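A.B. asks: Hey, dropping protein.cif in here, mmCIF, C-alpha atoms:
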data_data
loop_
_atom_site.label_atom_id
_atom_site.label_comp_id
_atom_site.auth_asym_id
_atom_site.auth_seq_id
_atom_site.Cartn_x
_atom_site.Cartn_y
_atom_site.Cartn_z
CA MET A 1333 12.85 291.11 -34.98
CA THR A 1334 12.78 294.73 -33.79
CA LYS A 1335 11.29 295.97 -37.05
CA ILE A 1336 8.57 293.30 -36.98
CA LEU A 1337 7.64 294.23 -33.40
CA LEU A 1338 7.55 297.95 -34.23
CA ILE A 1339 5.31 297.33 -37.25
CA ALA A 1340 3.02 295.03 -35.25
CA GLY A 1341 2.80 297.58 -32.44
CA GLY A 1342 2.13 300.38 -34.91
CA ILE A 1343 -0.65 298.45 -36.65
CA LEU A 1344 -2.27 297.46 -33.36
CA ASN A 1345 -2.09 301.05 -32.11
CA THR A 1346 -3.70 302.22 -35.36
CA LEU A 1347 -6.52 299.72 -34.84
CA PHE A 1348 -7.00 300.88 -31.23
CA CYS A 1349 -7.09 304.49 -32.45
CA ILE A 1350 -9.81 303.64 -34.99
CA PHE A 1351 -11.69 301.84 -32.21
CA HIS A 1352 -11.52 304.99 -30.06
CA VAL A 1353 -12.80 307.17 -32.91
CA PHE A 1354 -15.88 304.94 -33.17
CA LEU A 1355 -16.14 304.84 -29.38
CA GLY A 1356 -16.23 308.65 -29.41
CA TYR A 1357 -19.23 308.55 -31.73
CA GLN A 1358 -20.97 306.09 -29.39
CA ILE A 1359 -20.23 308.29 -26.37
CA HIS A 1360 -21.62 311.31 -28.23
CA SER A 1361 -24.80 309.38 -28.97
CA LEU A 1362 -25.50 308.48 -25.33
CA MET A 1363 -28.54 310.52 -24.38
CA HIS A 1364 -28.95 309.39 -20.78
CA LEU A 1365 -25.67 311.02 -19.67
CA ALA A 1366 -25.60 314.46 -18.14
CA PRO A 1367 -24.00 316.89 -20.63
CA PRO A 1368 -20.94 317.61 -18.44
CA VAL A 1369 -20.28 313.87 -18.01
CA ARG A 1370 -20.67 313.23 -21.74
CA ALA A 1371 -18.31 316.13 -22.51
CA LEU A 1372 -15.73 314.77 -20.08
CA LEU A 1373 -15.93 311.27 -21.58
CA GLU A 1374 -15.63 312.69 -25.10
CA ALA A 1375 -12.62 314.82 -24.14
CA LEU A 1376 -10.84 311.94 -22.40
CA ASN A 1377 -11.56 309.62 -25.32
CA ALA A 1378 -10.29 312.15 -27.86
CA GLY A 1379 -7.11 312.66 -25.84
CA GLY A 1380 -6.64 308.92 -25.55
CA ALA A 1381 -7.14 308.45 -29.29
CA LEU A 1382 -4.52 311.12 -30.04
CA PHE A 1383 -2.15 309.52 -27.55
CA ILE A 1384 -2.58 306.13 -29.23
CA LEU A 1385 -2.21 307.72 -32.67
CA PHE A 1386 1.14 309.16 -31.54
CA PHE A 1387 2.25 305.67 -30.49
CA ALA A 1388 1.29 304.34 -33.92
CA TYR A 1389 3.16 307.17 -35.67
CA ALA A 1390 6.26 306.72 -33.51
CA SER A 1391 6.27 302.95 -34.05
CA LEU A 1392 5.68 303.00 -37.79
CA LEU A 1393 7.67 306.07 -38.83
CA ARG A 1394 10.15 306.79 -36.03
CA GLY A 1395 11.16 303.33 -34.88
CA ALA A 1396 14.89 304.02 -34.90
CA GLU A 1397 14.40 307.01 -32.61
CA LEU A 1398 12.26 304.93 -30.26
CA MET A 1399 14.97 302.31 -30.01
CA GLU A 1400 18.06 304.52 -29.94
CA THR A 1401 17.28 307.54 -27.78
CA GLY A 1402 16.56 308.03 -24.11
CA LEU A 1403 13.29 309.75 -24.94
CA GLY A 1404 12.36 306.85 -27.21
CA ARG A 1405 13.00 304.37 -24.42
CA ALA A 1406 10.81 306.48 -22.14
CA VAL A 1407 8.02 306.34 -24.74
CA LEU A 1408 8.42 302.55 -24.98
CA ALA A 1409 8.10 302.30 -21.20
CA LEU A 1410 5.05 304.58 -21.22
CA VAL A 1411 3.31 302.53 -23.93
CA SER A 1412 4.05 299.36 -21.98
CA VAL A 1413 2.64 300.74 -18.74
CA LEU A 1414 -0.41 302.19 -20.50
CA TYR A 1415 -1.44 298.91 -22.14
CA LEU A 1416 -0.55 296.60 -19.25
CA SER A 1417 -2.44 298.79 -16.79
CA ARG A 1418 -5.41 298.86 -19.19
CA ALA A 1419 -5.32 295.06 -19.34
CA ALA A 1420 -5.36 294.91 -15.51
CA GLU A 1421 -8.24 297.39 -15.40
CA GLU A 1422 -10.41 294.87 -17.21
CA PHE A 1423 -10.56 292.94 -13.93
CA PHE A 1424 -11.20 295.87 -11.61
CA LEU A 1425 -13.03 298.62 -13.49
CA PHE A 1426 -14.88 297.00 -16.36
CA GLN A 1427 -17.03 294.03 -17.13
CA PHE A 1428 -14.27 291.66 -18.29
CA THR A 1429 -13.99 291.52 -22.09
CA PRO A 1430 -11.50 288.86 -23.23
CA ILE A 1431 -10.74 290.52 -26.60
CA ILE A 1432 -9.84 293.87 -25.00
CA PHE A 1433 -7.82 292.15 -22.29
CA ALA A 1434 -5.91 290.04 -24.83
CA GLY A 1435 -5.35 292.98 -27.18
CA CYS A 1436 -3.99 295.21 -24.43
CA LEU A 1437 -1.86 292.40 -23.03
CA LEU A 1438 -0.43 291.69 -26.50
CA VAL A 1439 0.43 295.33 -27.21
CA GLY A 1440 1.90 295.70 -23.71
CA ALA A 1441 4.05 292.62 -24.24
CA ILE A 1442 5.30 293.93 -27.60
CA TYR A 1443 6.45 297.20 -26.07
CA VAL A 1444 7.95 295.54 -22.98
CA THR A 1445 9.98 293.39 -25.36
CA LEU A 1446 11.04 296.43 -27.41
CA PHE A 1447 12.03 298.23 -24.21
CA ALA A 1448 14.04 295.22 -23.07
CA ILE A 1449 15.98 294.86 -26.33
CA ALA A 1450 16.56 298.59 -26.92
CA PRO A 1451 20.24 299.39 -26.49
CA ARG A 1452 21.11 301.23 -23.29
CA LYS A 1453 23.58 303.88 -24.23
CA SER A 1454 25.34 305.90 -21.61
CA PRO A 1455 24.18 309.50 -21.61
CA ALA A 1456 26.19 311.97 -23.65
CA PRO A 1457 28.85 313.78 -21.68
CA PRO A 1458 27.74 317.20 -20.54
CA LEU A 1459 28.66 320.13 -22.72
CA GLU A 1460 31.55 322.21 -21.54
CA VAL A 1461 30.49 325.39 -19.88
CA VAL A 1462 32.24 328.35 -21.41
CA GLU A 1463 32.52 331.50 -19.39
CA ILE A 1464 30.70 334.35 -21.05
CA GLU A 1465 33.50 336.71 -20.10
CA SER A 1466 36.09 334.78 -22.11
CA VAL A 1467 33.77 334.65 -25.13
CA TRP A 1468 33.25 338.41 -24.97
CA ARG A 1469 36.95 339.06 -24.49
CA GLU A 1470 37.75 336.98 -27.58
CA HIS A 1471 35.04 338.74 -29.57
CA LEU A 1472 36.28 342.20 -28.56
CA THR A 1473 39.91 341.45 -29.42
CA THR A 1474 39.01 340.25 -32.95
CA ALA A 1475 36.66 343.14 -33.68
#
I'd like the structure from this file rewritten - as structure tokens, please.
C.D. replies:
Amino acid sequence: MTKILLIAGGILNTLFCIFHVFLGYQIHSLMHLAPPVRALLEALNAGGALFILFFAYASLLRGAELMETGLGRAVLALVSVLYLSRAAEEFFLFQFTPIIFAGCLLVGAIYVTLFAIAPRKSPAPPLEVVEIESVWREHLTTA
């Protein structure tokens, strides 16, 4: 089940990344925007596309790390929040588009599920702190 969800999430993220590449071209073609506004929209869109591309890469090629490490669980949580907040934004910031709402809700649900089923391992015990003086003393006596 985990592998299927990771593949589905990776494919959907890839599709959203492709969408944002085409969206970037549309933003670039808007002539009625002031140049600084167009530049800002292009920069934010490019950053978003790279962010989404990372999610696709992590899901498709680094799934075990996503599921088994603390950093991976943090990425799963971040993806979930990103897509669920984007789904909610359809009601407040945009003219509601059912396909975007459903797509974001679906991807958000996939990553919430992955986050929920990812094993919660206790953190590794801290490394022992070795006094530098004892290390030097040992080094000097063997030299």
A.B. asks: Once the PyMOL selection byres ((chain A and resi 1381-1393) around 8) has been applied to the shown file, what residues remain in the selection, as a PDB file with C-alpha atoms, in the frame of the given file?
C.D. replies:
ATOM      1  CA  LEU A1338       7.550 297.950 -34.230  1.00  0.00           C
ATOM      2  CA  ILE A1339       5.310 297.330 -37.250  1.00  0.00           C
ATOM      3  CA  GLY A1341       2.800 297.580 -32.440  1.00  0.00           C
ATOM      4  CA  GLY A1342       2.130 300.380 -34.910  1.00  0.00           C
ATOM      5  CA  ILE A1343      -0.650 298.450 -36.650  1.00  0.00           C
ATOM      6  CA  LEU A1344      -2.270 297.460 -33.360  1.00  0.00           C
ATOM      7  CA  ASN A1345      -2.090 301.050 -32.110  1.00  0.00           C
ATOM      8  CA  THR A1346      -3.700 302.220 -35.360  1.00  0.00           C
ATOM      9  CA  PHE A1348      -7.000 300.880 -31.230  1.00  0.00           C
ATOM     10  CA  CYS A1349      -7.090 304.490 -32.450  1.00  0.00           C
ATOM     11  CA  ILE A1350      -9.810 303.640 -34.990  1.00  0.00           C
ATOM     12  CA  HIS A1352     -11.520 304.990 -30.060  1.00  0.00           C
ATOM     13  CA  VAL A1353     -12.800 307.170 -32.910  1.00  0.00           C
ATOM     14  CA  ASN A1377     -11.560 309.620 -25.320  1.00  0.00           C
ATOM     15  CA  ALA A1378     -10.290 312.150 -27.860  1.00  0.00           C
ATOM     16  CA  GLY A1379      -7.110 312.660 -25.840  1.00  0.00           C
ATOM     17  CA  GLY A1380      -6.640 308.920 -25.550  1.00  0.00           C
ATOM     18  CA  ARG A1394      10.150 306.790 -36.030  1.00  0.00           C
ATOM     19  CA  GLY A1395      11.160 303.330 -34.880  1.00  0.00           C
ATOM     20  CA  LEU A1398      12.260 304.930 -30.260  1.00  0.00           C
ATOM     21  CA  VAL A1411       3.310 302.530 -23.930  1.00  0.00           C
TER      22      VAL A1411
END
A.B. asks: Need to verify the contact set: Pro1430 of chain A, 10 Å, only C-alpha atoms, exclusion of same-chain residues closer than 6 positions in sequence. Can you return it as a list of chain:residue names?
C.D. replies: A:Ala1419, A:Glu1422, A:Cys1436
A.B. asks: For C-alpha atoms, I'd like the residues from the last selection saved as a PDB file, keeping the file's coordinate frame.
C.D. replies:
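Output below, filename result_17.pdb:
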ATOM      1  CA  ALA A1419      -5.320 295.060 -19.340  1.00  0.00           C
ATOM      2  CA  GLU A1422     -10.410 294.870 -17.210  1.00  0.00           C
ATOM      3  CA  CYS A1436      -3.990 295.210 -24.430  1.00  0.00           C
TER       4      CYS A1436
END
A.B. asks: For this file, the PyMOL selection byres ((chain A and resi 1439-1447) around 9) selects which residues, as JSON, numbers by chain?
C.D. replies: {"A": [1334, 1337, 1338, 1340, 1341, 1344, 1345, 1399, 1405, 1406, 1408, 1409, 1410, 1411, 1412, 1413, 1414, 1415, 1416, 1417, 1419, 1434, 1435, 1436, 1437, 1438, 1448, 1449, 1450, 1451]}
A.B. asks: Which value, in Å to one decimal, gives the distance between atom CA of Met1363 of chain A and atom CA of Phe1433 of chain A?
C.D. replies: 27.8 Å
A.B. asks: What is the atom CA of Glu1421 of chain A-atom CA of Gly1402 of chain A distance in Å, reported with one decimal?
C.D. replies: 28.4 Å
A.B. asks: For the atom pair atom CA of Gly1356 of chain A and atom CA of Leu1373 of chain A, what is the interatomic distance in Å to one decimal place?
C.D. replies: 8.3 Å
A.B. asks: Selecting C-alpha atoms, how would segment 1347-1458 of chain A from this structure be written as a short mmCIF file (atom, residue, chain, number, x, y, z; two decimals), in the first residue's frame?
C.D. replies:
data_model
loop_
_atom_site.label_atom_id
_atom_site.label_comp_id
_atom_site.auth_asym_id
_atom_site.auth_seq_id
_atom_site.Cartn_x
_atom_site.Cartn_y
_atom_site.Cartn_z
CA LEU A 1347 1.88 16.39 -13.32
CA PHE A 1348 1.56 19.45 -11.08
CA CYS A 1349 5.17 20.37 -11.88
CA ILE A 1350 4.46 20.16 -15.63
CA PHE A 1351 1.36 22.29 -15.05
CA HIS A 1352 3.49 24.93 -13.32
CA VAL A 1353 6.03 24.95 -16.16
CA PHE A 1354 3.21 25.77 -18.59
CA LEU A 1355 1.76 28.25 -16.10
CA GLY A 1356 5.15 29.99 -16.07
CA TYR A 1357 4.95 30.44 -19.83
CA GLN A 1358 1.45 31.91 -19.48
CA ILE A 1359 2.62 34.30 -16.76
CA HIS A 1360 5.52 35.38 -18.96
CA SER A 1361 3.11 36.10 -21.79
CA LEU A 1362 0.86 38.41 -19.74
CA MET A 1363 1.47 41.87 -21.15
CA HIS A 1364 -0.87 43.86 -18.93
CA LEU A 1365 1.18 43.18 -15.78
CA ALA A 1366 3.76 45.63 -14.55
CA PRO A 1367 7.25 44.14 -15.10
CA PRO A 1368 8.06 43.86 -11.36
CA VAL A 1369 4.77 42.03 -10.71
CA ARG A 1370 5.34 39.67 -13.64
CA ALA A 1371 8.89 38.98 -12.43
CA LEU A 1372 7.62 38.22 -8.93
CA LEU A 1373 4.95 35.85 -10.24
CA GLU A 1374 7.49 34.10 -12.47
CA ALA A 1375 9.96 33.72 -9.60
CA LEU A 1376 7.33 32.37 -7.20
CA ASN A 1377 6.02 29.98 -9.85
CA ALA A 1378 9.53 28.71 -10.67
CA GLY A 1379 10.24 28.16 -6.97
CA GLY A 1380 6.94 26.36 -6.55
CA ALA A 1381 7.63 24.15 -9.57
CA LEU A 1382 11.05 23.19 -8.16
CA PHE A 1383 9.48 22.50 -4.77
CA ILE A 1384 6.89 20.22 -6.38
CA LEU A 1385 9.58 18.55 -8.50
CA PHE A 1386 11.48 17.75 -5.28
CA PHE A 1387 8.34 16.13 -3.86
CA ALA A 1388 8.02 14.01 -7.01
CA TYR A 1389 11.70 12.99 -6.83
CA ALA A 1390 11.49 12.14 -3.14
CA SER A 1391 8.31 10.11 -3.62
CA LEU A 1392 9.43 8.18 -6.68
CA LEU A 1393 13.12 7.64 -5.91
CA ARG A 1394 13.56 8.11 -2.16
CA GLY A 1395 10.38 6.62 -0.74
CA ALA A 1396 12.11 4.52 1.90
CA GLU A 1397 13.87 7.61 3.27
CA LEU A 1398 10.58 9.51 3.35
CA MET A 1399 8.96 6.76 5.36
CA GLU A 1400 11.84 5.80 7.66
CA THR A 1401 13.58 9.00 8.73
CA GLY A 1402 12.57 11.97 10.83
CA LEU A 1403 13.41 14.32 7.98
CA GLY A 1404 11.30 12.21 5.63
CA ARG A 1405 8.33 12.42 7.98
CA ALA A 1406 8.80 16.19 8.11
CA VAL A 1407 8.72 16.30 4.30
CA LEU A 1408 5.54 14.20 4.30
CA ALA A 1409 3.95 16.64 6.73
CA LEU A 1410 5.09 19.61 4.63
CA VAL A 1411 3.65 18.12 1.42
CA SER A 1412 0.38 17.44 3.23
CA VAL A 1413 0.10 20.98 4.56
CA LEU A 1414 1.08 22.49 1.21
CA TYR A 1415 -1.60 20.66 -0.77
CA LEU A 1416 -4.37 20.85 1.82
CA SER A 1417 -3.81 24.58 2.29
CA ARG A 1418 -3.82 25.02 -1.50
CA ALA A 1419 -7.14 23.17 -1.66
CA ALA A 1420 -8.57 25.51 1.01
CA GLU A 1421 -7.25 28.54 -0.87
CA GLU A 1422 -9.54 27.68 -3.76
CA PHE A 1423 -12.41 28.95 -1.60
CA PHE A 1424 -10.76 32.11 -0.33
CA LEU A 1425 -8.22 33.35 -2.86
CA PHE A 1426 -9.25 32.03 -6.25
CA GLN A 1427 -12.29 31.59 -8.41
CA PHE A 1428 -13.19 28.05 -7.35
CA THR A 1429 -11.95 25.44 -9.84
CA PRO A 1430 -13.21 21.94 -8.97
CA ILE A 1431 -10.36 20.10 -10.76
CA ILE A 1432 -7.64 22.02 -8.89
CA PHE A 1433 -9.49 21.63 -5.60
CA ALA A 1434 -9.95 17.88 -6.12
CA GLY A 1435 -6.37 17.38 -7.29
CA CYS A 1436 -4.89 19.22 -4.31
CA LEU A 1437 -7.24 17.46 -1.90
CA LEU A 1438 -6.29 14.06 -3.37
CA VAL A 1439 -2.54 14.70 -3.15
CA GLY A 1440 -2.95 16.10 0.37
CA ALA A 1441 -4.89 13.02 1.42
CA ILE A 1442 -2.22 10.71 -0.03
CA TYR A 1443 0.53 12.39 1.97
CA VAL A 1444 -1.54 12.60 5.16
CA THR A 1445 -2.05 8.85 4.84
CA LEU A 1446 1.67 8.26 4.24
CA PHE A 1447 2.49 10.41 7.26
CA ALA A 1448 0.01 8.49 9.39
CA ILE A 1449 1.37 5.06 8.44
CA ALA A 1450 5.07 5.99 8.56
CA PRO A 1451 6.74 4.25 11.49
CA ARG A 1452 7.56 6.51 14.41
CA LYS A 1453 10.98 5.52 15.59
CA SER A 1454 12.43 6.93 18.74
CA PRO A 1455 15.30 9.28 18.03
CA ALA A 1456 18.79 7.84 18.08
CA PRO A 1457 20.54 8.16 21.41
CA PRO A 1458 22.87 11.12 21.54
#
